[in-house]
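Enquirer: My file is start_12.txt. It has compact mmCIF, C-alpha atoms and all ligand atoms:
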```txt
# COMPACT_ATOMS: atom_id res chain seq x y z
CA MET A 1 0.00 0.00 0.00
CA THR A 2 1.39 3.36 -1.00
CA PRO A 3 -0.31 6.15 0.94
CA ILE A 4 -1.43 9.20 -1.00
CA VAL A 5 0.93 11.98 0.01
CA PRO A 6 0.34 15.51 -1.18
CA SER A 7 3.37 17.08 -2.69
CA PHE A 8 5.59 19.82 -1.29
CA PRO A 9 4.91 22.24 0.29
CA ALA A 10 1.62 20.76 1.59
CA ALA A 11 3.61 17.71 2.60
CA ARG A 12 6.49 18.76 4.80
CA LEU A 13 7.40 15.42 6.39
CA ARG A 14 9.91 17.11 8.68
CA ARG A 15 6.98 18.78 10.48
CA MET A 16 6.36 15.62 12.46
CA ARG A 17 10.03 15.18 13.37
CA GLN A 18 10.43 18.55 15.07
CA THR A 19 10.12 17.69 18.76
CA PRO A 20 10.45 14.63 21.01
CA ALA A 21 6.69 14.70 21.60
CA LEU A 22 5.85 14.67 17.89
CA ARG A 23 8.48 12.01 17.25
CA ALA A 24 7.01 9.89 20.05
CA MET A 25 3.57 10.18 18.45
CA MET A 26 5.03 9.07 15.13
CA ARG A 27 6.83 6.03 16.57
CA GLU A 28 5.65 2.84 14.89
CA ASN A 29 7.65 0.22 16.79
CA THR A 30 8.93 -0.31 20.33
CA VAL A 31 11.52 -2.57 21.92
CA THR A 32 10.62 -3.99 25.34
CA VAL A 33 12.24 -6.54 27.67
CA ASP A 34 9.46 -8.95 26.65
CA ASP A 35 11.20 -9.23 23.28
CA LEU A 36 14.35 -10.81 24.71
CA ILE A 37 15.58 -14.39 24.84
CA TRP A 38 19.05 -14.69 26.37
CA PRO A 39 21.39 -17.45 25.10
CA VAL A 40 23.64 -18.72 27.91
CA PHE A 41 26.62 -21.10 27.74
CA VAL A 42 26.89 -23.84 30.38
CA MET A 43 30.13 -25.59 31.37
CA ALA A 44 31.11 -28.29 33.85
CA GLY A 45 32.48 -27.44 37.30
CA ARG A 46 31.38 -25.39 40.28
CA ASP A 47 31.15 -21.68 41.01
CA ASP A 48 33.19 -20.64 38.00
CA GLU A 49 33.05 -18.84 34.69
CA THR A 50 35.39 -18.38 31.73
CA PRO A 51 35.31 -15.66 29.08
CA VAL A 52 34.61 -16.45 25.42
CA ALA A 53 37.49 -14.70 23.66
CA SER A 54 35.67 -14.00 20.40
CA MET A 55 32.56 -12.68 22.20
CA PRO A 56 33.69 -9.88 24.54
CA GLY A 57 31.34 -9.68 27.54
CA VAL A 58 30.07 -13.25 27.15
CA VAL A 59 31.12 -16.04 29.53
CA ARG A 60 30.58 -19.75 29.95
CA ARG A 61 29.10 -20.50 33.38
CA THR A 62 28.92 -23.52 35.65
CA VAL A 63 25.40 -24.74 36.45
CA ASP A 64 25.24 -22.90 39.80
CA ARG A 65 26.33 -19.68 38.11
CA VAL A 66 23.70 -20.20 35.38
CA ALA A 67 21.06 -20.39 38.11
CA LYS A 68 22.41 -17.14 39.55
CA ALA A 69 22.34 -15.50 36.11
CA ALA A 70 18.74 -16.68 35.67
CA LYS A 71 17.77 -14.93 38.90
CA GLU A 72 19.34 -11.72 37.61
CA ALA A 73 17.54 -12.14 34.28
CA GLN A 74 14.26 -12.66 36.08
CA ALA A 75 14.82 -9.47 38.07
CA LEU A 76 15.47 -7.62 34.81
CA GLY A 77 12.21 -8.94 33.37
CA ILE A 78 13.80 -11.09 30.66
CA PRO A 79 11.19 -13.75 29.86
CA ALA A 80 13.40 -16.57 28.59
CA ILE A 81 16.87 -18.10 28.67
CA CYS A 82 18.22 -20.47 26.03
CA LEU A 83 20.88 -23.00 27.08
CA PHE A 84 23.95 -24.17 25.16
CA PRO A 85 26.41 -26.67 26.65
CA TYR A 86 30.16 -26.27 26.29
CA THR A 87 31.60 -29.72 25.74
CA GLY A 88 35.17 -30.90 25.35
CA MET A 89 36.29 -33.87 23.27
CA GLU A 90 35.78 -36.12 26.35
CA SER A 91 31.96 -35.68 26.15
CA ARG A 92 31.88 -36.46 22.42
CA THR A 93 31.18 -39.96 21.08
CA GLU A 94 30.11 -41.65 17.86
CA ASP A 95 26.67 -42.49 19.33
CA CYS A 96 26.17 -39.05 20.99
CA ALA A 97 24.58 -40.75 24.02
CA GLU A 98 25.35 -37.80 26.29
CA ALA A 99 22.78 -35.80 24.29
CA TRP A 100 19.87 -37.58 26.00
CA SER A 101 21.48 -38.27 29.37
CA PRO A 102 19.13 -36.93 32.08
CA ASP A 103 22.19 -35.50 33.80
CA ASN A 104 23.96 -33.79 30.93
CA LEU A 105 24.89 -30.13 31.36
CA THR A 106 21.75 -28.77 29.71
CA ASN A 107 19.40 -30.92 31.77
CA GLN A 108 21.20 -30.03 35.00
CA ALA A 109 20.95 -26.37 34.09
CA ILE A 110 17.21 -26.62 33.28
CA ARG A 111 16.52 -28.03 36.75
CA ALA A 112 18.76 -25.47 38.44
CA ILE A 113 17.00 -22.56 36.70
CA LYS A 114 13.56 -23.96 37.47
CA ASP A 115 14.62 -24.05 41.14
CA ALA A 116 16.21 -20.60 41.25
CA ALA A 117 14.01 -18.53 38.91
CA PRO A 118 10.72 -20.34 38.26
CA GLU A 119 9.24 -17.47 36.26
CA ILE A 120 11.87 -17.71 33.52
CA ALA A 121 10.96 -19.82 30.50
CA VAL A 122 13.78 -22.24 29.76
CA MET A 123 14.58 -22.91 26.12
CA THR A 124 16.95 -25.60 24.89
CA ASP A 125 18.84 -26.40 21.72
CA ILE A 126 18.20 -29.77 20.08
CA ALA A 127 21.03 -30.97 17.83
CA LEU A 128 23.78 -33.53 18.24
CA ASP A 129 26.72 -31.19 17.65
CA PRO A 130 27.76 -30.66 21.30
CA TYR A 131 28.05 -34.42 21.78
CA ASN A 132 29.12 -35.60 18.33
CA ILE A 133 32.71 -36.69 17.79
CA ASN A 134 32.76 -34.88 14.42
CA GLY A 135 30.87 -31.73 15.47
CA HIS A 136 27.90 -32.31 13.15
CA ASP A 137 24.26 -31.84 14.12
CA GLY A 138 23.43 -35.34 12.84
CA PHE A 139 25.02 -38.79 12.69
CA VAL A 140 27.59 -39.24 9.95
CA GLU A 141 27.68 -42.53 8.01
CA ASP A 142 30.24 -42.92 5.21
CA GLY A 143 30.68 -39.16 5.09
CA VAL A 144 26.93 -38.50 4.79
CA ILE A 145 24.78 -36.83 7.47
CA VAL A 146 21.93 -39.31 7.82
CA ASN A 147 18.44 -37.94 8.46
CA ASP A 148 16.10 -40.52 9.94
CA ARG A 149 18.45 -42.12 12.45
CA THR A 150 19.36 -38.61 13.61
CA VAL A 151 15.69 -37.74 14.12
CA GLU A 152 15.29 -40.77 16.43
CA ALA A 153 18.17 -39.46 18.54
CA LEU A 154 16.78 -35.90 18.54
CA VAL A 155 13.46 -37.24 19.87
CA LYS A 156 15.31 -38.87 22.80
CA MET A 157 17.14 -35.61 23.42
CA ALA A 158 13.86 -33.65 23.33
CA LEU A 159 12.13 -35.98 25.78
CA ALA A 160 15.05 -35.79 28.23
CA GLN A 161 14.89 -31.98 28.12
CA ALA A 162 11.11 -31.99 28.55
CA ASP A 163 11.48 -34.38 31.51
CA ALA A 164 14.02 -32.00 33.06
CA GLY A 165 11.43 -29.20 32.83
CA ALA A 166 12.20 -27.29 29.62
CA ASP A 167 9.40 -24.98 28.51
CA ILE A 168 10.55 -24.33 24.96
CA LEU A 169 12.38 -26.85 22.78
CA GLY A 170 14.52 -25.43 19.99
CA PRO A 171 15.43 -27.99 17.34
CA SER A 172 18.41 -26.40 15.55
CA ASP A 173 19.57 -29.43 13.57
CA MET A 174 17.68 -28.82 10.28
CA MET A 175 16.90 -32.52 9.75
CA ASP A 176 13.65 -33.25 7.86
CA GLY A 177 10.71 -34.50 9.91
CA ARG A 178 12.13 -33.70 13.31
CA ILE A 179 9.38 -31.30 14.40
CA GLY A 180 6.65 -33.86 13.68
CA ALA A 181 8.57 -36.67 15.37
CA ILE A 182 9.27 -34.57 18.47
CA ARG A 183 5.67 -33.29 18.65
CA THR A 184 4.27 -36.83 18.41
CA ALA A 185 6.65 -38.07 21.12
CA LEU A 186 5.79 -35.14 23.42
CA GLU A 187 2.08 -35.90 23.01
CA SER A 188 2.41 -39.57 23.84
CA ASP A 189 4.81 -38.89 26.72
CA GLY A 190 2.52 -36.53 28.65
CA HIS A 191 4.35 -33.39 27.55
CA GLN A 192 1.61 -31.93 25.37
CA ASP A 193 2.15 -28.46 26.87
CA VAL A 194 5.83 -28.18 25.98
CA THR A 195 6.31 -25.63 23.20
CA ILE A 196 8.52 -25.88 20.13
CA LEU A 197 10.39 -22.89 18.72
CA SER A 198 11.80 -24.37 15.55
CA TYR A 199 15.05 -23.13 14.08
CA THR A 200 13.13 -23.18 10.83
CA ALA A 201 15.12 -21.03 8.44
CA LYS A 202 18.63 -21.72 9.66
CA TYR A 203 21.23 -20.75 7.11
CA ALA A 204 24.70 -22.25 6.61
CA SER A 205 26.38 -19.12 7.89
CA ALA A 206 29.89 -17.92 8.62
CA PHE A 207 28.35 -15.71 11.31
CA TYR A 208 28.31 -18.75 13.66
CA GLY A 209 32.11 -18.72 14.00
CA PRO A 210 32.43 -17.31 17.53
CA PHE A 211 29.64 -19.60 18.81
CA ARG A 212 31.53 -22.68 17.69
CA ASP A 213 34.48 -21.43 19.78
CA ALA A 214 32.14 -20.78 22.71
CA VAL A 215 30.77 -24.33 22.76
CA GLY A 216 34.01 -26.10 21.81
CA ALA A 217 32.76 -27.19 18.37
CA SER A 218 35.39 -25.50 16.21
CA ALA A 219 38.01 -28.11 16.97
CA ALA A 220 35.58 -30.99 16.46
CA LEU A 221 33.80 -29.90 13.27
CA LYS A 222 34.83 -31.79 10.14
CA GLY A 223 33.71 -30.10 6.93
CA ASP A 224 30.69 -27.80 6.57
CA LYS A 225 26.95 -27.99 7.28
CA ASN A 226 25.79 -27.24 3.74
CA THR A 227 23.81 -30.47 3.28
CA TYR A 228 21.41 -29.56 6.09
CA GLN A 229 21.57 -25.83 6.76
CA MET A 230 20.08 -23.49 4.13
CA ASN A 231 21.85 -21.79 1.27
CA PRO A 232 22.10 -18.03 1.99
CA ALA A 233 20.97 -17.49 -1.62
CA ASN A 234 17.44 -18.75 -0.90
CA SER A 235 14.25 -17.11 0.29
CA ASP A 236 11.32 -19.14 -1.16
CA GLU A 237 12.81 -22.26 0.42
CA ALA A 238 12.48 -20.61 3.83
CA MET A 239 8.74 -20.18 3.24
CA ARG A 240 8.42 -23.89 2.45
CA LEU A 241 10.26 -24.72 5.67
CA VAL A 242 7.97 -22.49 7.73
CA GLN A 243 4.90 -24.10 6.20
CA ARG A 244 6.31 -27.56 6.86
CA ASP A 245 7.33 -26.88 10.49
CA LEU A 246 3.97 -25.30 11.32
CA ALA A 247 2.16 -28.28 9.82
CA GLU A 248 4.30 -30.62 11.91
CA GLY A 249 3.46 -28.83 15.16
CA ALA A 250 5.88 -25.96 15.74
CA ASP A 251 4.42 -23.19 17.92
CA MET A 252 6.97 -20.56 16.89
CA VAL A 253 9.52 -20.22 14.12
CA MET A 254 12.97 -18.70 13.93
CA VAL A 255 15.16 -17.09 11.32
CA LYS A 256 18.90 -17.36 11.86
CA PRO A 257 21.19 -15.38 11.55
CA GLY A 258 19.26 -12.18 12.23
CA MET A 259 20.45 -8.86 10.83
CA PRO A 260 21.62 -10.11 7.41
CA TYR A 261 18.31 -12.00 7.04
CA LEU A 262 15.70 -9.39 8.02
CA ASP A 263 14.09 -9.81 4.62
CA ILE A 264 13.34 -13.41 5.58
CA CYS A 265 11.90 -12.34 8.96
CA ARG A 266 9.64 -9.90 7.13
CA ARG A 267 8.42 -12.47 4.63
CA VAL A 268 7.71 -15.04 7.33
CA LYS A 269 5.71 -12.58 9.42
CA ILE A 270 3.72 -11.25 6.47
CA GLU A 271 3.07 -14.58 4.74
CA PHE A 272 2.27 -16.65 7.86
CA GLY A 273 1.40 -14.27 10.72
CA VAL A 274 2.84 -16.63 13.33
CA PRO A 275 5.18 -15.97 16.29
CA THR A 276 8.45 -15.17 14.52
CA PHE A 277 11.83 -14.89 16.20
CA ALA A 278 15.26 -13.93 14.97
CA TYR A 279 18.60 -15.10 16.34
CA GLN A 280 21.14 -12.31 16.42
CA VAL A 281 24.02 -14.77 16.31
CA SER A 282 27.51 -14.80 17.75
CA GLY A 283 29.18 -13.20 14.71
CA GLU A 284 26.71 -10.31 14.70
CA TYR A 285 27.37 -9.78 18.41
CA ALA A 286 31.14 -10.00 17.89
CA MET A 287 31.09 -7.43 15.06
CA ILE A 288 29.19 -4.87 17.13
CA GLN A 289 31.44 -5.45 20.17
CA ALA A 290 34.60 -5.23 18.06
CA GLY A 291 33.48 -1.96 16.50
CA ALA A 292 32.55 -0.56 19.90
CA GLN A 293 35.79 -1.66 21.55
CA ASN A 294 37.76 0.12 18.86
CA GLY A 295 35.72 3.25 19.39
CA TRP A 296 34.48 3.08 15.80
CA ILE A 297 30.79 2.87 16.67
CA ASP A 298 28.69 3.63 19.76
CA GLY A 299 28.06 0.08 21.01
CA ASP A 300 24.92 0.80 23.06
CA LYS A 301 23.29 2.82 20.32
CA VAL A 302 24.05 0.24 17.63
CA MET A 303 22.78 -2.51 19.93
CA MET A 304 19.46 -0.74 20.48
CA GLU A 305 19.14 0.19 16.81
CA SER A 306 19.65 -3.45 15.88
CA MET A 307 16.87 -4.46 18.31
CA MET A 308 14.54 -1.91 16.74
CA ALA A 309 15.40 -3.26 13.29
CA PHE A 310 14.19 -6.72 14.34
CA LYS A 311 10.91 -5.27 15.63
CA ARG A 312 10.42 -3.17 12.49
CA ALA A 313 10.98 -6.26 10.35
CA GLY A 314 8.12 -7.93 12.18
CA CYS A 315 9.87 -10.14 14.74
CA ASP A 316 8.05 -10.96 17.96
CA GLY A 317 11.34 -11.40 19.77
CA VAL A 318 15.09 -11.81 19.44
CA LEU A 319 17.60 -14.29 20.79
CA THR A 320 20.53 -12.06 21.60
CA TYR A 321 23.67 -12.14 23.71
CA PHE A 322 22.90 -8.47 24.39
CA ALA A 323 19.71 -9.40 26.31
CA PRO A 324 20.90 -8.31 29.80
CA ALA A 325 22.49 -5.13 28.43
CA VAL A 326 19.33 -4.24 26.48
CA ALA A 327 17.17 -4.95 29.53
CA ARG A 328 19.37 -2.77 31.75
CA LEU A 329 19.17 0.11 29.28
CA LEU A 330 15.40 -0.23 28.93
CA ASN A 331 14.89 -0.45 32.68
CA GLY A 332 16.98 2.68 33.11
C1 LIG B 1 24.17 -25.74 16.68
C2 LIG B 1 23.91 -24.30 16.83
C3 LIG B 1 24.70 -23.28 16.26
C4 LIG B 1 24.19 -22.06 16.75
C5 LIG B 1 23.09 -22.36 17.57
N1 LIG B 1 22.93 -23.76 17.60
C6 LIG B 1 25.91 -23.35 15.39
C7 LIG B 1 25.92 -24.20 14.21
O1 LIG B 1 24.89 -24.52 13.61
O2 LIG B 1 27.03 -24.57 13.85
C8 LIG B 1 24.80 -20.73 16.43
C9 LIG B 1 24.54 -19.62 17.37
C10 LIG B 1 25.41 -18.44 17.22
O3 LIG B 1 26.26 -18.34 16.32
O4 LIG B 1 25.27 -17.54 18.07
N2 LIG B 1 23.16 -26.61 16.49
```
So, in terms of C-alpha cells, how does the structure I just supplied come out?
Ligand code: PBG

Expert:
Amino acid sequence: MTPIVPSFPAARLRRMRQTPALRAMMRENTVTVDDLIWPVFVMAGRDDETPVASMPGVVRRTVDRVAKAAKEAQALGIPAICLFPYTGMESRTEDCAEAWSPDNLTNQAIRAIKDAAPEIAVMTDIALDPYNINGHDGFVEDGVIVNDRTVEALVKMALAQADAGADILGPSDMMDGRIGAIRTALESDGHQDVTILSYTAKYASAFYGPFRDAVGASAALKGDKNTYQMNPANSDEAMRLVQRDLAEGADMVMVKPGMPYLDICRRVKIEFGVPTFAYQVSGEYAMIQAGAQNGWIDGDKVMMESMMAFKRAGCDGVLTYFAPAVARLLNG
C-alpha cells in the first residue's frame, strides 16, 4: 500500500520530526524486555566462569552460576533463557549418548533454573553437535549426514529436556521431519504443553564462528553444514520450511542469523502471521562489540538500533547475547 501523500509544500514530512513529543507520536515500533531471549553457555564445574574470547562480555558458566544469572535475568524482566552446553572432546562420542542423558549439562541447568528462577521460561537447543565426535548436528555414516536415524536421537534428546522441565524446545539441527517426530513423542509422553520454537530457516552461515568457539565445536567440526543448513541465496525455500514446520506442530519459528536475514523475517511474518523470532548470532554480536571496543561505533546505540530493526521487520522477539544489556538500558 502506497499512501497518498500531497506534494511539497503541503507535505512537509519534517513537520512531524520537530520535537520529542511529535516524534514519540510518530513512533511505529517499540523494543521492550518482553522481546528478549538470552542465550547462555553452560560448562562443567562449580562456582566458576570463563570468558569467550571472540565474544567480549560473554562467559561460559557452571550450572550454579547459570542459576544465579537466571535470577538476575528474572529481576530484569527477561522472559526466557536459552541453554547451550560447552563440551570438550571427552563428552563427544560416535553415538552421541550424552545428548539424551538426564544429567547432561543442559538438563542439570534446566533443573537449576527452574529451582532458582521459576518465572523464567527455559529454552533448549536440540542438535547432536555438542556431543558428536565430528561436530555435526546429525550422525555421519560414510561421510553422509543421515536424516532418519538422527531424528530418532533428537526425539530422545527432546524428551530428556522436557522431563528436566524445559518450557521451549529449539530444534536447531535442520533434519527433515524432526518437528513432527518430536511433537508426536511429546504428546504420547505426557508433555503436550511443551512448546517448540523451531530453528526453521537456519542458514549455513559464517556468522556462527564465535559460537563454535564458545561451545568447543570449532576443533571438532569436520567439513561444513551445507547439506542440512540453508543456502544463503534462498528465500522461497524458507517459506516452504515455515509451512512444513507449522504443519508438523511448531508453535513458533525462527530465522537465523538475524540482521543479514531481516528480509526473511519480514516475509515469514507477512506470509504466515505466526510468532516469529530472529537469532542475532555470535558473529553479529562479535562485530558490534569489536566496532565498539575500537571506538568506531557507539556500542549501546548500535545494539538498540539493531533491536529496533528486528521489531520493524516484524519479529516478535530476538535471541541475543545483548539481552541483559538491552534490559538494563530499557529499565533505566
Ligand atoms: C548448533 C547451533 C549453532 C548455533 C546455535 N545452535 C551453530 C551451528 O549450527 O554450527 C549458532 C549460534 C550463534 O552463532 O550464536 N546446532

Enquirer: Kindly provide, as an mmCIF file with C-alpha atoms, in the coordinates of the input, all nucleotide and amino acid residues lying within 10 Å of ligand LIG 1 (chain B), counting all atoms listed in the file.

Expert:
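The result, stored in selection29.cif:
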```
data_model
loop_
_atom_site.group_PDB
_atom_site.id
_atom_site.type_symbol
_atom_site.label_atom_id
_atom_site.label_comp_id
_atom_site.auth_asym_id
_atom_site.auth_seq_id
_atom_site.Cartn_x
_atom_site.Cartn_y
_atom_site.Cartn_z
ATOM 1 C CA PRO A 39 21.390 -17.450 25.100
ATOM 2 C CA MET A 55 32.560 -12.680 22.200
ATOM 3 C CA CYS A 82 18.220 -20.470 26.030
ATOM 4 C CA LEU A 83 20.880 -23.000 27.080
ATOM 5 C CA PHE A 84 23.950 -24.170 25.160
ATOM 6 C CA THR A 124 16.950 -25.600 24.890
ATOM 7 C CA ASP A 125 18.840 -26.400 21.720
ATOM 8 C CA ILE A 126 18.200 -29.770 20.080
ATOM 9 C CA ALA A 127 21.030 -30.970 17.830
ATOM 10 C CA LEU A 128 23.780 -33.530 18.240
ATOM 11 C CA ASP A 129 26.720 -31.190 17.650
ATOM 12 C CA PRO A 130 27.760 -30.660 21.300
ATOM 13 C CA GLY A 135 30.870 -31.730 15.470
ATOM 14 C CA HIS A 136 27.900 -32.310 13.150
ATOM 15 C CA ASP A 137 24.260 -31.840 14.120
ATOM 16 C CA GLY A 138 23.430 -35.340 12.840
ATOM 17 C CA GLY A 170 14.520 -25.430 19.990
ATOM 18 C CA PRO A 171 15.430 -27.990 17.340
ATOM 19 C CA SER A 172 18.410 -26.400 15.550
ATOM 20 C CA ASP A 173 19.570 -29.430 13.570
ATOM 21 C CA MET A 174 17.680 -28.820 10.280
ATOM 22 C CA TYR A 199 15.050 -23.130 14.080
ATOM 23 C CA LYS A 202 18.630 -21.720 9.660
ATOM 24 C CA TYR A 203 21.230 -20.750 7.110
ATOM 25 C CA ALA A 204 24.700 -22.250 6.610
ATOM 26 C CA SER A 205 26.380 -19.120 7.890
ATOM 27 C CA ALA A 206 29.890 -17.920 8.620
ATOM 28 C CA PHE A 207 28.350 -15.710 11.310
ATOM 29 C CA TYR A 208 28.310 -18.750 13.660
ATOM 30 C CA GLY A 209 32.110 -18.720 14.000
ATOM 31 C CA PRO A 210 32.430 -17.310 17.530
ATOM 32 C CA PHE A 211 29.640 -19.600 18.810
ATOM 33 C CA ARG A 212 31.530 -22.680 17.690
ATOM 34 C CA ASP A 213 34.480 -21.430 19.780
ATOM 35 C CA ALA A 214 32.140 -20.780 22.710
ATOM 36 C CA VAL A 215 30.770 -24.330 22.760
ATOM 37 C CA ALA A 217 32.760 -27.190 18.370
ATOM 38 C CA SER A 218 35.390 -25.500 16.210
ATOM 39 C CA LEU A 221 33.800 -29.900 13.270
ATOM 40 C CA ASP A 224 30.690 -27.800 6.570
ATOM 41 C CA LYS A 225 26.950 -27.990 7.280
ATOM 42 C CA TYR A 228 21.410 -29.560 6.090
ATOM 43 C CA GLN A 229 21.570 -25.830 6.760
ATOM 44 C CA LYS A 256 18.900 -17.360 11.860
ATOM 45 C CA PRO A 257 21.190 -15.380 11.550
ATOM 46 C CA GLY A 258 19.260 -12.180 12.230
ATOM 47 C CA TYR A 279 18.600 -15.100 16.340
ATOM 48 C CA GLN A 280 21.140 -12.310 16.420
ATOM 49 C CA VAL A 281 24.020 -14.770 16.310
ATOM 50 C CA SER A 282 27.510 -14.800 17.750
ATOM 51 C CA GLY A 283 29.180 -13.200 14.710
ATOM 52 C CA GLU A 284 26.710 -10.310 14.700
ATOM 53 C CA TYR A 285 27.370 -9.780 18.410
ATOM 54 C CA ALA A 286 31.140 -10.000 17.890
ATOM 55 C CA LEU A 319 17.600 -14.290 20.790
ATOM 56 C CA THR A 320 20.530 -12.060 21.600
ATOM 57 C CA TYR A 321 23.670 -12.140 23.710
#
```

Enquirer: When you look at A:Thr32 with a cut-off of 8 Å (counting only C-alpha atoms), what residues show up, excluding the ones that are within fewer than 3 positions of it in the same chain? I need them as a PyMOL selection string.

Expert: chain A and resi 35-36+327+330

Enquirer: For the atom pair atom CA of A:Leu154 and atom CA of A:Pro79, what is the interatomic distance in Å to one decimal place?

Expert: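 Distance reported for this atom pair: 25.5 Å.
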
Enquirer: A:Trp100, A:Ser198, A:Lys114, A:Gly295: which is nearest A:Gln161, counting only C-alpha atoms?

Expert: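 Counting only C-alpha atoms, the residue closest to A:Gln161 is A:Trp100.
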
Enquirer: Restricting the calculation to only C-alpha atoms: of A:Val194, A:Ala290, A:Asp34, A:Asn147, which residue gets closest to A:Ala53?

Expert: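 Under the stated criterion, the closest residue is A:Ala290.
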
Enquirer: Which residues, written as a PyMOL selection string, have at least one atom at most 10 Å from A:Asp103, with all atoms listed in the file counted and residues fewer than 6 positions away on the same chain left out?

Expert: chain A and resi 109+111+160-161+164

Enquirer: Which of these residues is nearest to A:Met175, using all atoms listed in the file: A:Glu187, A:Asp251, A:Asp148, A:Glu72?

Expert: A:Asp148

Enquirer: Under the rule that all atoms listed in the file are counted, which of A:Pro118, A:Gly77, A:Gly216, A:Gly88 is the nearest residue to A:Ile37?

Expert: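 Smallest distance to A:Ile37 is found for A:Gly77.
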
Enquirer: Quote the spacing between atom CA of A:Asn134 and atom CA of A:Ser235 in Å to one decimal place.

Expert: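 If I compute the distance from atom CA of A:Asn134 to atom CA of A:Ser235, I get 29.3 Å.
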
Enquirer: Report as number ranges by chain all protein, DNA and RNA residues lying within 7 Å of A:Asp167, evaluated on all atoms listed in the file, omitting residues in the same chain fewer than 6 positions from it.

Expert: A: 121-123, 194-195

Enquirer: Please provide as JSON, numbers by chain all residues within 9 Å of A:Asn29, with the sequence filter that same-chain residues fewer than 2 positions apart are discarded (counting all atoms listed in the file).

Expert: {"A": [27, 31, 308, 311, 312]}

Enquirer: Quick one, how far is atom CA of A:Ile168 from atom CA of A:Cys315?

Expert: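 We find that atom CA of A:Ile168 and atom CA of A:Cys315 lie 17.5 Å from each other.
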
Enquirer: Which residue out of A:Val318, A:Val326, A:Met287, A:Ile196 has the minimum interatomic distance to A:Asp245 when only C-alpha atoms are used?

Expert: A:Ile196

Enquirer: Which one of A:Val58, A:Ala250, A:Ala219, A:Ala112 sits closest to A:Gly180 if you count only C-alpha atoms?

Expert: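 Of all the options, A:Ala250 lies closest to A:Gly180.
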